[in-house]
Amino acid sequence: MIVPPGGTIGILGGGQLGRMLAMAAARLGYRAHIYAPGASGPASEVAAHWTQGAYDDEALLARFADAVDVVTYEFENVDPRAVARVGERVAVHPSPRSLEVSRYRPAEKTLVAELGGRTAPWAPVPDGRALAAALATVGTPAILKTTLFGYDGKGQARIDDDDAGASAWAAIGAPATAGDQVPAILEGRVAFAAEFSVILCRATDGRSVVWDVPENVHRDGILATSTVPSGEAVQRLIPDAVAMTRAIADRLDHVGVLTAEYFATDDGPVFNEMAPRVHNSGHWTIEGAVTSQFENHVRAICGLPLGATSLAGRAATMENLIGDEAGRWPALLAEPDAKLHLYGKTVRPGRKMGHVTRVGR
Ligand code: AMP
């Protein structure tokens, strides 16, 4: 189904990804209607409509669904059942199935293994008592991770030796899960040469495009920089990683942007995690690519042809501005070629406040 320009795109979530999606939508003549639990957020300043509501408020979600032409989401901590109910009234892209798999670590790892890809060794940890057995299987060094709601290194604790298990379990404070879901997994620590992500956009007709693959550097579990082209350790793994990401998107019949993060190792790409949405490691595409991840996501969910993803320059680097780093804006604006993005948030330590992109010509 095509949603022509002039239509209204419903977005679950009102953070900076919603803000950048709404801006890309506006450029193509669409209106954005945000649904989020807060009274306002980074997306509220650039969206035509904002509904404040809980993600489990079925009546309000139904009203929202009836007011828009297509629904998408900008973060994955939405209940897939709520999204499925919205999907009974209006088209939802990506599908609740994509959401369900990407938000639950065991499901995404199992899918990748089924498709012949590699992940870090891992074991489910249903409760604190099961941690010792998981440590015996996976070994150390390891990372204990919550299976749901993890982002920017939150819900993770490093375990360097078996004695650190108890404190790690207390540190992650595993959240409640539904049905047979486990609250945590233990993952072996991968000795990687680099980290990178494949940002793919798949259209309703099944065709997909990928951008140049950025090499990502994390600091304290939070993305610090994304650079294209990536270095040698990543370059040689790109064909395999792109093929895997495409296989995942095809299997899920995904529509829109899908981002998969990988570790580069001597033995090939090791899948870390994925997100059924536009991604921080793709922000450089706004100035650094012919079509940005945000615009192509809008095009995909509206049933329009996708735009070219080629580099707009020789190279591009995106640097995140975390916490009070946003205060560097005068110096960044004094750099004629630096493109500054500020999300309009109040400063908190560890909070993503904005980013700056430099495109090499
Ligand atoms: P995640 O939220 O799973 O993406 O983890 C955040 C960051 O922690 C990753 O980008 C890596 O830098 C690091 N990390 C996560 N899992 C592992 C692992 N199994 N081995 C080594 N580093 C990891």
# chains A, B, ... in the order shown; residues from 1 in each chain; ligands from 1
>>> residues_near_ligand(ligand="ligand 1", cutoff="9 Å", atoms="only C-alpha atoms and all ligand atoms", output="ChimeraX atom specification")
/A:105,119-122,141-145,150-156,186-192,194-196,216-223,261-263,272-274
>>> select_by_dssp(residues="region 60-121 of chain A", states="strand (DSSP E)", output="list in words")
Val70, Val71, Thr72 and Tyr73 of chain A
>>> residues_around(residues="Pro126 (chain A)", least_positions_apart="4", cutoff="8 Å", atoms="only C-alpha atoms", output="list in words")
Ala130, Val182, Pro183, Ala184 and Ile185 of chain A
>>> write_last_selection(atoms="all heavy atoms", output="tab-separated table (two decimals), in the first residue's frame")
chain	number	residue	atom	x	y	z
A	130	ALA	N	21.12	-19.69	38.60
A	130	ALA	CA	21.55	-20.32	37.34
A	130	ALA	C	22.85	-19.73	36.80
A	130	ALA	O	23.42	-20.23	35.84
A	130	ALA	CB	20.45	-20.18	36.29
A	182	VAL	N	13.54	-15.47	29.39
A	182	VAL	CA	14.47	-15.37	30.52
A	182	VAL	C	14.87	-13.91	30.70
A	182	VAL	O	14.94	-13.16	29.74
A	182	VAL	CB	15.73	-16.26	30.32
A	182	VAL	CG1	15.39	-17.71	30.39
A	182	VAL	CG2	16.47	-15.91	29.04
A	183	PRO	N	15.14	-13.50	31.95
A	183	PRO	CA	15.44	-12.07	32.18
A	183	PRO	C	16.87	-11.68	31.79
A	183	PRO	O	17.14	-10.50	31.59
A	183	PRO	CB	15.24	-11.90	33.68
A	183	PRO	CG	15.46	-13.27	34.25
A	183	PRO	CD	15.01	-14.25	33.21
A	184	ALA	N	17.79	-12.67	31.72
A	184	ALA	CA	19.19	-12.31	31.46
A	184	ALA	C	19.89	-13.41	30.68
A	184	ALA	O	19.45	-14.56	30.67
A	184	ALA	CB	19.91	-12.06	32.78
A	185	ILE	N	20.98	-13.02	30.02
A	185	ILE	CA	21.87	-14.02	29.40
A	185	ILE	C	23.30	-13.70	29.81
A	185	ILE	O	23.62	-12.56	30.15
A	185	ILE	CB	21.78	-14.04	27.85
A	185	ILE	CG1	22.17	-12.68	27.27
A	185	ILE	CG2	20.41	-14.48	27.38
A	185	ILE	CD1	22.45	-12.73	25.77
>>> residues_around(residues="Ala134 (chain A)", least_positions_apart="3", cutoff="7 Å", atoms="only C-alpha atoms", output="list in words")
Ala123, Val125, Ala130, Leu131, Thr137, Val138 and Leu186 of chain A
>>> select_by_dssp(residues="region 21-260 of chain A", states="alpha helix (DSSP H)", output="ChimeraX atom specification")
/A:21-27,58-67,80-87,96-103,105-114,131-138,165-172,232-235,238-251
>>> write_last_selection(atoms="C-alpha atoms", output="PDB file, in the first residue's frame")
ATOM      1  CA  LEU A  21      12.315  10.892  11.281  1.00  0.00           C
ATOM      2  CA  ALA A  22       9.700  13.652  11.555  1.00  0.00           C
ATOM      3  CA  MET A  23      12.073  16.132   9.895  1.00  0.00           C
ATOM      4  CA  ALA A  24      12.759  13.729   7.009  1.00  0.00           C
ATOM      5  CA  ALA A  25       9.011  13.062   6.714  1.00  0.00           C
ATOM      6  CA  ALA A  26       8.245  16.800   6.606  1.00  0.00           C
ATOM      7  CA  ARG A  27      10.695  17.315   3.758  1.00  0.00           C
ATOM      8  CA  GLU A  58      -5.319   0.153  24.156  1.00  0.00           C
ATOM      9  CA  ALA A  59      -8.128   2.669  23.739  1.00  0.00           C
ATOM     10  CA  LEU A  60      -5.763   5.569  23.170  1.00  0.00           C
ATOM     11  CA  LEU A  61      -3.556   3.514  20.851  1.00  0.00           C
ATOM     12  CA  ALA A  62      -6.652   2.677  18.794  1.00  0.00           C
ATOM     13  CA  ARG A  63      -7.539   6.392  18.514  1.00  0.00           C
ATOM     14  CA  PHE A  64      -3.948   7.108  17.465  1.00  0.00           C
ATOM     15  CA  ALA A  65      -4.049   4.324  14.862  1.00  0.00           C
ATOM     16  CA  ASP A  66      -7.258   5.748  13.398  1.00  0.00           C
ATOM     17  CA  ALA A  67      -5.704   9.215  13.096  1.00  0.00           C
ATOM     18  CA  PRO A  80       4.919  -6.082  20.519  1.00  0.00           C
ATOM     19  CA  ARG A  81       1.371  -7.015  21.545  1.00  0.00           C
ATOM     20  CA  ALA A  82       0.390  -3.328  21.656  1.00  0.00           C
ATOM     21  CA  VAL A  83       1.991  -2.869  18.225  1.00  0.00           C
ATOM     22  CA  ALA A  84       0.123  -5.906  16.902  1.00  0.00           C
ATOM     23  CA  ARG A  85      -3.174  -4.387  18.090  1.00  0.00           C
ATOM     24  CA  VAL A  86      -2.347  -1.126  16.330  1.00  0.00           C
ATOM     25  CA  GLY A  87      -1.605  -3.266  13.263  1.00  0.00           C
ATOM     26  CA  PRO A  96       5.527  -6.709  15.230  1.00  0.00           C
ATOM     27  CA  ARG A  97       7.570  -9.855  14.410  1.00  0.00           C
ATOM     28  CA  SER A  98      10.687  -7.758  13.664  1.00  0.00           C
ATOM     29  CA  LEU A  99      10.132  -5.943  16.934  1.00  0.00           C
ATOM     30  CA  GLU A 100       9.613  -9.127  18.921  1.00  0.00           C
ATOM     31  CA  VAL A 101      12.849 -10.702  17.659  1.00  0.00           C
ATOM     32  CA  SER A 102      15.092  -7.633  17.897  1.00  0.00           C
ATOM     33  CA  ARG A 103      14.089  -6.611  21.391  1.00  0.00           C
ATOM     34  CA  ARG A 105      18.462 -11.016  22.916  1.00  0.00           C
ATOM     35  CA  PRO A 106      17.937 -14.818  22.878  1.00  0.00           C
ATOM     36  CA  ALA A 107      15.542 -14.522  19.898  1.00  0.00           C
ATOM     37  CA  GLU A 108      17.900 -12.429  17.756  1.00  0.00           C
ATOM     38  CA  LYS A 109      20.878 -14.673  18.539  1.00  0.00           C
ATOM     39  CA  THR A 110      18.887 -17.822  17.800  1.00  0.00           C
ATOM     40  CA  LEU A 111      17.729 -16.416  14.462  1.00  0.00           C
ATOM     41  CA  VAL A 112      21.283 -15.495  13.448  1.00  0.00           C
ATOM     42  CA  ALA A 113      22.523 -18.982  14.364  1.00  0.00           C
ATOM     43  CA  GLU A 114      19.674 -20.534  12.340  1.00  0.00           C
ATOM     44  CA  LEU A 131      24.493 -17.970  36.905  1.00  0.00           C
ATOM     45  CA  ALA A 132      27.120 -20.432  38.141  1.00  0.00           C
ATOM     46  CA  ALA A 133      26.045 -23.025  35.551  1.00  0.00           C
ATOM     47  CA  ALA A 134      26.063 -20.377  32.809  1.00  0.00           C
ATOM     48  CA  LEU A 135      29.574 -19.319  33.849  1.00  0.00           C
ATOM     49  CA  ALA A 136      30.695 -22.952  33.632  1.00  0.00           C
ATOM     50  CA  THR A 137      29.350 -23.125  30.061  1.00  0.00           C
ATOM     51  CA  VAL A 138      30.460 -19.746  28.746  1.00  0.00           C
ATOM     52  CA  GLY A 165      28.965 -13.322  39.502  1.00  0.00           C
ATOM     53  CA  ALA A 166      26.846 -12.315  42.495  1.00  0.00           C
ATOM     54  CA  SER A 167      27.635  -8.612  42.241  1.00  0.00           C
ATOM     55  CA  ALA A 168      26.972  -8.692  38.481  1.00  0.00           C
ATOM     56  CA  TRP A 169      23.538 -10.207  39.053  1.00  0.00           C
ATOM     57  CA  ALA A 170      22.717  -7.485  41.594  1.00  0.00           C
ATOM     58  CA  ALA A 171      24.074  -4.802  39.237  1.00  0.00           C
ATOM     59  CA  ILE A 172      21.831  -5.559  36.266  1.00  0.00           C
ATOM     60  CA  GLU A 232      40.749  -2.802   6.822  1.00  0.00           C
ATOM     61  CA  ALA A 233      39.671  -5.178   9.647  1.00  0.00           C
ATOM     62  CA  VAL A 234      36.048  -4.353   8.836  1.00  0.00           C
ATOM     63  CA  GLN A 235      36.241  -3.960   5.057  1.00  0.00           C
ATOM     64  CA  ILE A 238      31.464  -6.492   4.813  1.00  0.00           C
ATOM     65  CA  PRO A 239      30.185  -8.970   2.191  1.00  0.00           C
ATOM     66  CA  ASP A 240      29.447 -11.640   4.849  1.00  0.00           C
ATOM     67  CA  ALA A 241      27.892  -9.178   7.289  1.00  0.00           C
ATOM     68  CA  VAL A 242      25.721  -7.579   4.607  1.00  0.00           C
ATOM     69  CA  ALA A 243      24.572 -11.017   3.409  1.00  0.00           C
ATOM     70  CA  MET A 244      23.650 -11.967   6.993  1.00  0.00           C
ATOM     71  CA  THR A 245      21.765  -8.721   7.602  1.00  0.00           C
ATOM     72  CA  ARG A 246      19.892  -9.163   4.334  1.00  0.00           C
ATOM     73  CA  ALA A 247      19.007 -12.752   5.302  1.00  0.00           C
ATOM     74  CA  ILE A 248      17.645 -11.520   8.655  1.00  0.00           C
ATOM     75  CA  ALA A 249      15.570  -8.791   6.979  1.00  0.00           C
ATOM     76  CA  ASP A 250      14.209 -11.234   4.396  1.00  0.00           C
ATOM     77  CA  ARG A 251      13.355 -13.851   7.030  1.00  0.00           C
TER      78      ARG A 251
END
>>> atom_distance(atom1="CA of Pro349 (chain A)", atom2="CA of Pro336 (chain A)")
27.9 Å
>>> atom_distance(atom1="CA of Glu319 (chain A)", atom2="CA of Asn280 (chain A)")
10.0 Å
>>> decode(residues="region 281-327 of chain A", atoms="N, CA and C atoms", output="PDB file, in the first residue's frame")
ATOM      1  N   SER A 281      24.307   4.864  14.670  1.00  0.00           N
ATOM      2  CA  SER A 281      25.484   4.683  13.803  1.00  0.00           C
ATOM      3  C   SER A 281      25.175   5.036  12.350  1.00  0.00           C
ATOM      4  N   GLY A 282      23.923   5.439  12.078  1.00  0.00           N
ATOM      5  CA  GLY A 282      23.543   5.865  10.727  1.00  0.00           C
ATOM      6  C   GLY A 282      23.265   7.360  10.635  1.00  0.00           C
ATOM      7  N   HIS A 283      23.541   8.102  11.717  1.00  0.00           N
ATOM      8  CA  HIS A 283      23.257   9.548  11.675  1.00  0.00           C
ATOM      9  C   HIS A 283      24.101  10.273  10.632  1.00  0.00           C
ATOM     10  N   TRP A 284      25.287   9.748  10.362  1.00  0.00           N
ATOM     11  CA  TRP A 284      26.174  10.387   9.376  1.00  0.00           C
ATOM     12  C   TRP A 284      25.522  10.437   7.993  1.00  0.00           C
ATOM     13  N   THR A 285      24.515   9.572   7.742  1.00  0.00           N
ATOM     14  CA  THR A 285      23.907   9.521   6.409  1.00  0.00           C
ATOM     15  C   THR A 285      23.119  10.798   6.087  1.00  0.00           C
ATOM     16  N   ILE A 286      22.795  11.610   7.104  1.00  0.00           N
ATOM     17  CA  ILE A 286      22.021  12.837   6.831  1.00  0.00           C
ATOM     18  C   ILE A 286      22.804  13.742   5.873  1.00  0.00           C
ATOM     19  N   GLU A 287      24.082  13.954   6.182  1.00  0.00           N
ATOM     20  CA  GLU A 287      24.899  14.763   5.255  1.00  0.00           C
ATOM     21  C   GLU A 287      25.840  13.913   4.423  1.00  0.00           C
ATOM     22  N   GLY A 288      26.150  12.696   4.898  1.00  0.00           N
ATOM     23  CA  GLY A 288      27.215  11.910   4.276  1.00  0.00           C
ATOM     24  C   GLY A 288      26.758  10.960   3.177  1.00  0.00           C
ATOM     25  N   ALA A 289      25.457  10.827   2.974  1.00  0.00           N
ATOM     26  CA  ALA A 289      24.969   9.919   1.928  1.00  0.00           C
ATOM     27  C   ALA A 289      23.948  10.649   1.053  1.00  0.00           C
ATOM     28  N   VAL A 290      23.745  10.136  -0.132  1.00  0.00           N
ATOM     29  CA  VAL A 290      22.804  10.774  -1.068  1.00  0.00           C
ATOM     30  C   VAL A 290      21.399  10.791  -0.459  1.00  0.00           C
ATOM     31  N   THR A 291      21.006   9.691   0.178  1.00  0.00           N
ATOM     32  CA  THR A 291      19.712   9.627   0.884  1.00  0.00           C
ATOM     33  C   THR A 291      19.995   9.173   2.315  1.00  0.00           C
ATOM     34  N   SER A 292      19.392   9.821   3.285  1.00  0.00           N
ATOM     35  CA  SER A 292      19.668   9.470   4.686  1.00  0.00           C
ATOM     36  C   SER A 292      18.875   8.235   5.102  1.00  0.00           C
ATOM     37  N   GLN A 293      19.286   7.636   6.210  1.00  0.00           N
ATOM     38  CA  GLN A 293      18.532   6.498   6.758  1.00  0.00           C
ATOM     39  C   GLN A 293      17.106   6.920   7.106  1.00  0.00           C
ATOM     40  N   PHE A 294      16.933   8.154   7.556  1.00  0.00           N
ATOM     41  CA  PHE A 294      15.597   8.627   7.961  1.00  0.00           C
ATOM     42  C   PHE A 294      14.677   8.747   6.747  1.00  0.00           C
ATOM     43  N   GLU A 295      15.217   9.349   5.676  1.00  0.00           N
ATOM     44  CA  GLU A 295      14.386   9.504   4.476  1.00  0.00           C
ATOM     45  C   GLU A 295      14.030   8.142   3.885  1.00  0.00           C
ATOM     46  N   ASN A 296      15.003   7.246   3.813  1.00  0.00           N
ATOM     47  CA  ASN A 296      14.687   5.935   3.225  1.00  0.00           C
ATOM     48  C   ASN A 296      13.725   5.140   4.099  1.00  0.00           C
ATOM     49  N   HIS A 297      13.801   5.339   5.406  1.00  0.00           N
ATOM     50  CA  HIS A 297      12.838   4.654   6.279  1.00  0.00           C
ATOM     51  C   HIS A 297      11.419   5.159   5.963  1.00  0.00           C
ATOM     52  N   VAL A 298      11.289   6.468   5.842  1.00  0.00           N
ATOM     53  CA  VAL A 298       9.981   7.055   5.499  1.00  0.00           C
ATOM     54  C   VAL A 298       9.517   6.533   4.141  1.00  0.00           C
ATOM     55  N   ARG A 299      10.430   6.526   3.171  1.00  0.00           N
ATOM     56  CA  ARG A 299      10.060   6.031   1.840  1.00  0.00           C
ATOM     57  C   ARG A 299       9.585   4.574   1.920  1.00  0.00           C
ATOM     58  N   ALA A 300      10.330   3.735   2.669  1.00  0.00           N
ATOM     59  CA  ALA A 300      10.008   2.304   2.744  1.00  0.00           C
ATOM     60  C   ALA A 300       8.628   2.089   3.364  1.00  0.00           C
ATOM     61  N   ILE A 301       8.368   2.734   4.503  1.00  0.00           N
ATOM     62  CA  ILE A 301       7.097   2.462   5.196  1.00  0.00           C
ATOM     63  C   ILE A 301       5.915   3.057   4.454  1.00  0.00           C
ATOM     64  N   CYS A 302       6.187   4.030   3.575  1.00  0.00           N
ATOM     65  CA  CYS A 302       5.099   4.625   2.776  1.00  0.00           C
ATOM     66  C   CYS A 302       4.967   3.946   1.417  1.00  0.00           C
ATOM     67  N   GLY A 303       5.773   2.923   1.168  1.00  0.00           N
ATOM     68  CA  GLY A 303       5.658   2.177  -0.087  1.00  0.00           C
ATOM     69  C   GLY A 303       6.243   2.907  -1.284  1.00  0.00           C
ATOM     70  N   LEU A 304       7.169   3.832  -1.046  1.00  0.00           N
ATOM     71  CA  LEU A 304       7.787   4.604  -2.132  1.00  0.00           C
ATOM     72  C   LEU A 304       9.119   3.959  -2.523  1.00  0.00           C
ATOM     73  N   PRO A 305       9.647   4.269  -3.711  1.00  0.00           N
ATOM     74  CA  PRO A 305      10.964   3.736  -4.084  1.00  0.00           C
ATOM     75  C   PRO A 305      12.053   4.299  -3.166  1.00  0.00           C
ATOM     76  N   LEU A 306      13.087   3.499  -2.935  1.00  0.00           N
ATOM     77  CA  LEU A 306      14.166   3.936  -2.048  1.00  0.00           C
ATOM     78  C   LEU A 306      15.164   4.787  -2.818  1.00  0.00           C
ATOM     79  N   GLY A 307      15.808   5.713  -2.097  1.00  0.00           N
ATOM     80  CA  GLY A 307      16.816   6.578  -2.709  1.00  0.00           C
ATOM     81  C   GLY A 307      18.201   5.955  -2.627  1.00  0.00           C
ATOM     82  N   ALA A 308      19.120   6.487  -3.433  1.00  0.00           N
ATOM     83  CA  ALA A 308      20.494   5.979  -3.462  1.00  0.00           C
ATOM     84  C   ALA A 308      21.172   6.177  -2.113  1.00  0.00           C
ATOM     85  N   THR A 309      22.016   5.218  -1.751  1.00  0.00           N
ATOM     86  CA  THR A 309      22.665   5.266  -0.436  1.00  0.00           C
ATOM     87  C   THR A 309      24.157   5.589  -0.540  1.00  0.00           C
ATOM     88  N   SER A 310      24.636   5.899  -1.737  1.00  0.00           N
ATOM     89  CA  SER A 310      26.081   6.107  -1.911  1.00  0.00           C
ATOM     90  C   SER A 310      26.590   7.311  -1.110  1.00  0.00           C
ATOM     91  N   LEU A 311      27.877   7.279  -0.826  1.00  0.00           N
ATOM     92  CA  LEU A 311      28.524   8.354  -0.074  1.00  0.00           C
ATOM     93  C   LEU A 311      28.420   9.674  -0.838  1.00  0.00           C
ATOM     94  N   ALA A 312      28.140  10.740  -0.090  1.00  0.00           N
ATOM     95  CA  ALA A 312      28.040  12.057  -0.733  1.00  0.00           C
ATOM     96  C   ALA A 312      29.418  12.707  -0.838  1.00  0.00           C
ATOM     97  N   GLY A 313      30.388  12.174  -0.133  1.00  0.00           N
ATOM     98  CA  GLY A 313      31.746  12.713  -0.175  1.00  0.00           C
ATOM     99  C   GLY A 313      32.730  11.563  -0.207  1.00  0.00           C
ATOM    100  N   ARG A 314      33.946  11.854   0.209  1.00  0.00           N
ATOM    101  CA  ARG A 314      34.997  10.830   0.219  1.00  0.00           C
ATOM    102  C   ARG A 314      34.872   9.985   1.492  1.00  0.00           C
ATOM    103  N   ALA A 315      34.465  10.631   2.574  1.00  0.00           N
ATOM    104  CA  ALA A 315      34.409   9.976   3.884  1.00  0.00           C
ATOM    105  C   ALA A 315      33.485  10.784   4.795  1.00  0.00           C
ATOM    106  N   ALA A 316      33.061  10.171   5.879  1.00  0.00           N
ATOM    107  CA  ALA A 316      32.245  10.912   6.850  1.00  0.00           C
ATOM    108  C   ALA A 316      32.472  10.354   8.250  1.00  0.00           C
ATOM    109  N   THR A 317      32.446  11.249   9.218  1.00  0.00           N
ATOM    110  CA  THR A 317      32.540  10.823  10.615  1.00  0.00           C
ATOM    111  C   THR A 317      31.456  11.524  11.419  1.00  0.00           C
ATOM    112  N   MET A 318      30.765  10.741  12.225  1.00  0.00           N
ATOM    113  CA  MET A 318      29.766  11.273  13.149  1.00  0.00           C
ATOM    114  C   MET A 318      30.305  11.123  14.563  1.00  0.00           C
ATOM    115  N   GLU A 319      30.248  12.197  15.311  1.00  0.00           N
ATOM    116  CA  GLU A 319      30.702  12.158  16.707  1.00  0.00           C
ATOM    117  C   GLU A 319      29.505  12.490  17.591  1.00  0.00           C
ATOM    118  N   ASN A 320      29.222  11.634  18.561  1.00  0.00           N
ATOM    119  CA  ASN A 320      28.122  11.917  19.478  1.00  0.00           C
ATOM    120  C   ASN A 320      28.522  12.962  20.502  1.00  0.00           C
ATOM    121  N   LEU A 321      27.584  13.781  20.898  1.00  0.00           N
ATOM    122  CA  LEU A 321      27.815  14.749  21.970  1.00  0.00           C
ATOM    123  C   LEU A 321      27.046  14.250  23.186  1.00  0.00           C
ATOM    124  N   ILE A 322      27.792  13.767  24.167  1.00  0.00           N
ATOM    125  CA  ILE A 322      27.199  13.124  25.341  1.00  0.00           C
ATOM    126  C   ILE A 322      27.274  14.085  26.534  1.00  0.00           C
ATOM    127  N   GLY A 323      26.170  14.220  27.242  1.00  0.00           N
ATOM    128  CA  GLY A 323      26.154  15.054  28.459  1.00  0.00           C
ATOM    129  C   GLY A 323      26.614  16.476  28.151  1.00  0.00           C
ATOM    130  N   ASP A 324      27.551  17.001  28.963  1.00  0.00           N
ATOM    131  CA  ASP A 324      27.917  18.408  28.778  1.00  0.00           C
ATOM    132  C   ASP A 324      28.801  18.675  27.560  1.00  0.00           C
ATOM    133  N   GLU A 325      29.111  17.626  26.784  1.00  0.00           N
ATOM    134  CA  GLU A 325      29.834  17.866  25.517  1.00  0.00           C
ATOM    135  C   GLU A 325      29.029  18.752  24.573  1.00  0.00           C
ATOM    136  N   ALA A 326      27.719  18.794  24.785  1.00  0.00           N
ATOM    137  CA  ALA A 326      26.880  19.664  23.933  1.00  0.00           C
ATOM    138  C   ALA A 326      27.279  21.128  24.095  1.00  0.00           C
ATOM    139  N   GLY A 327      27.917  21.436  25.232  1.00  0.00           N
ATOM    140  CA  GLY A 327      28.393  22.798  25.480  1.00  0.00           C
ATOM    141  C   GLY A 327      29.512  23.220  24.540  1.00  0.00           C
TER     142      GLY A 327
END
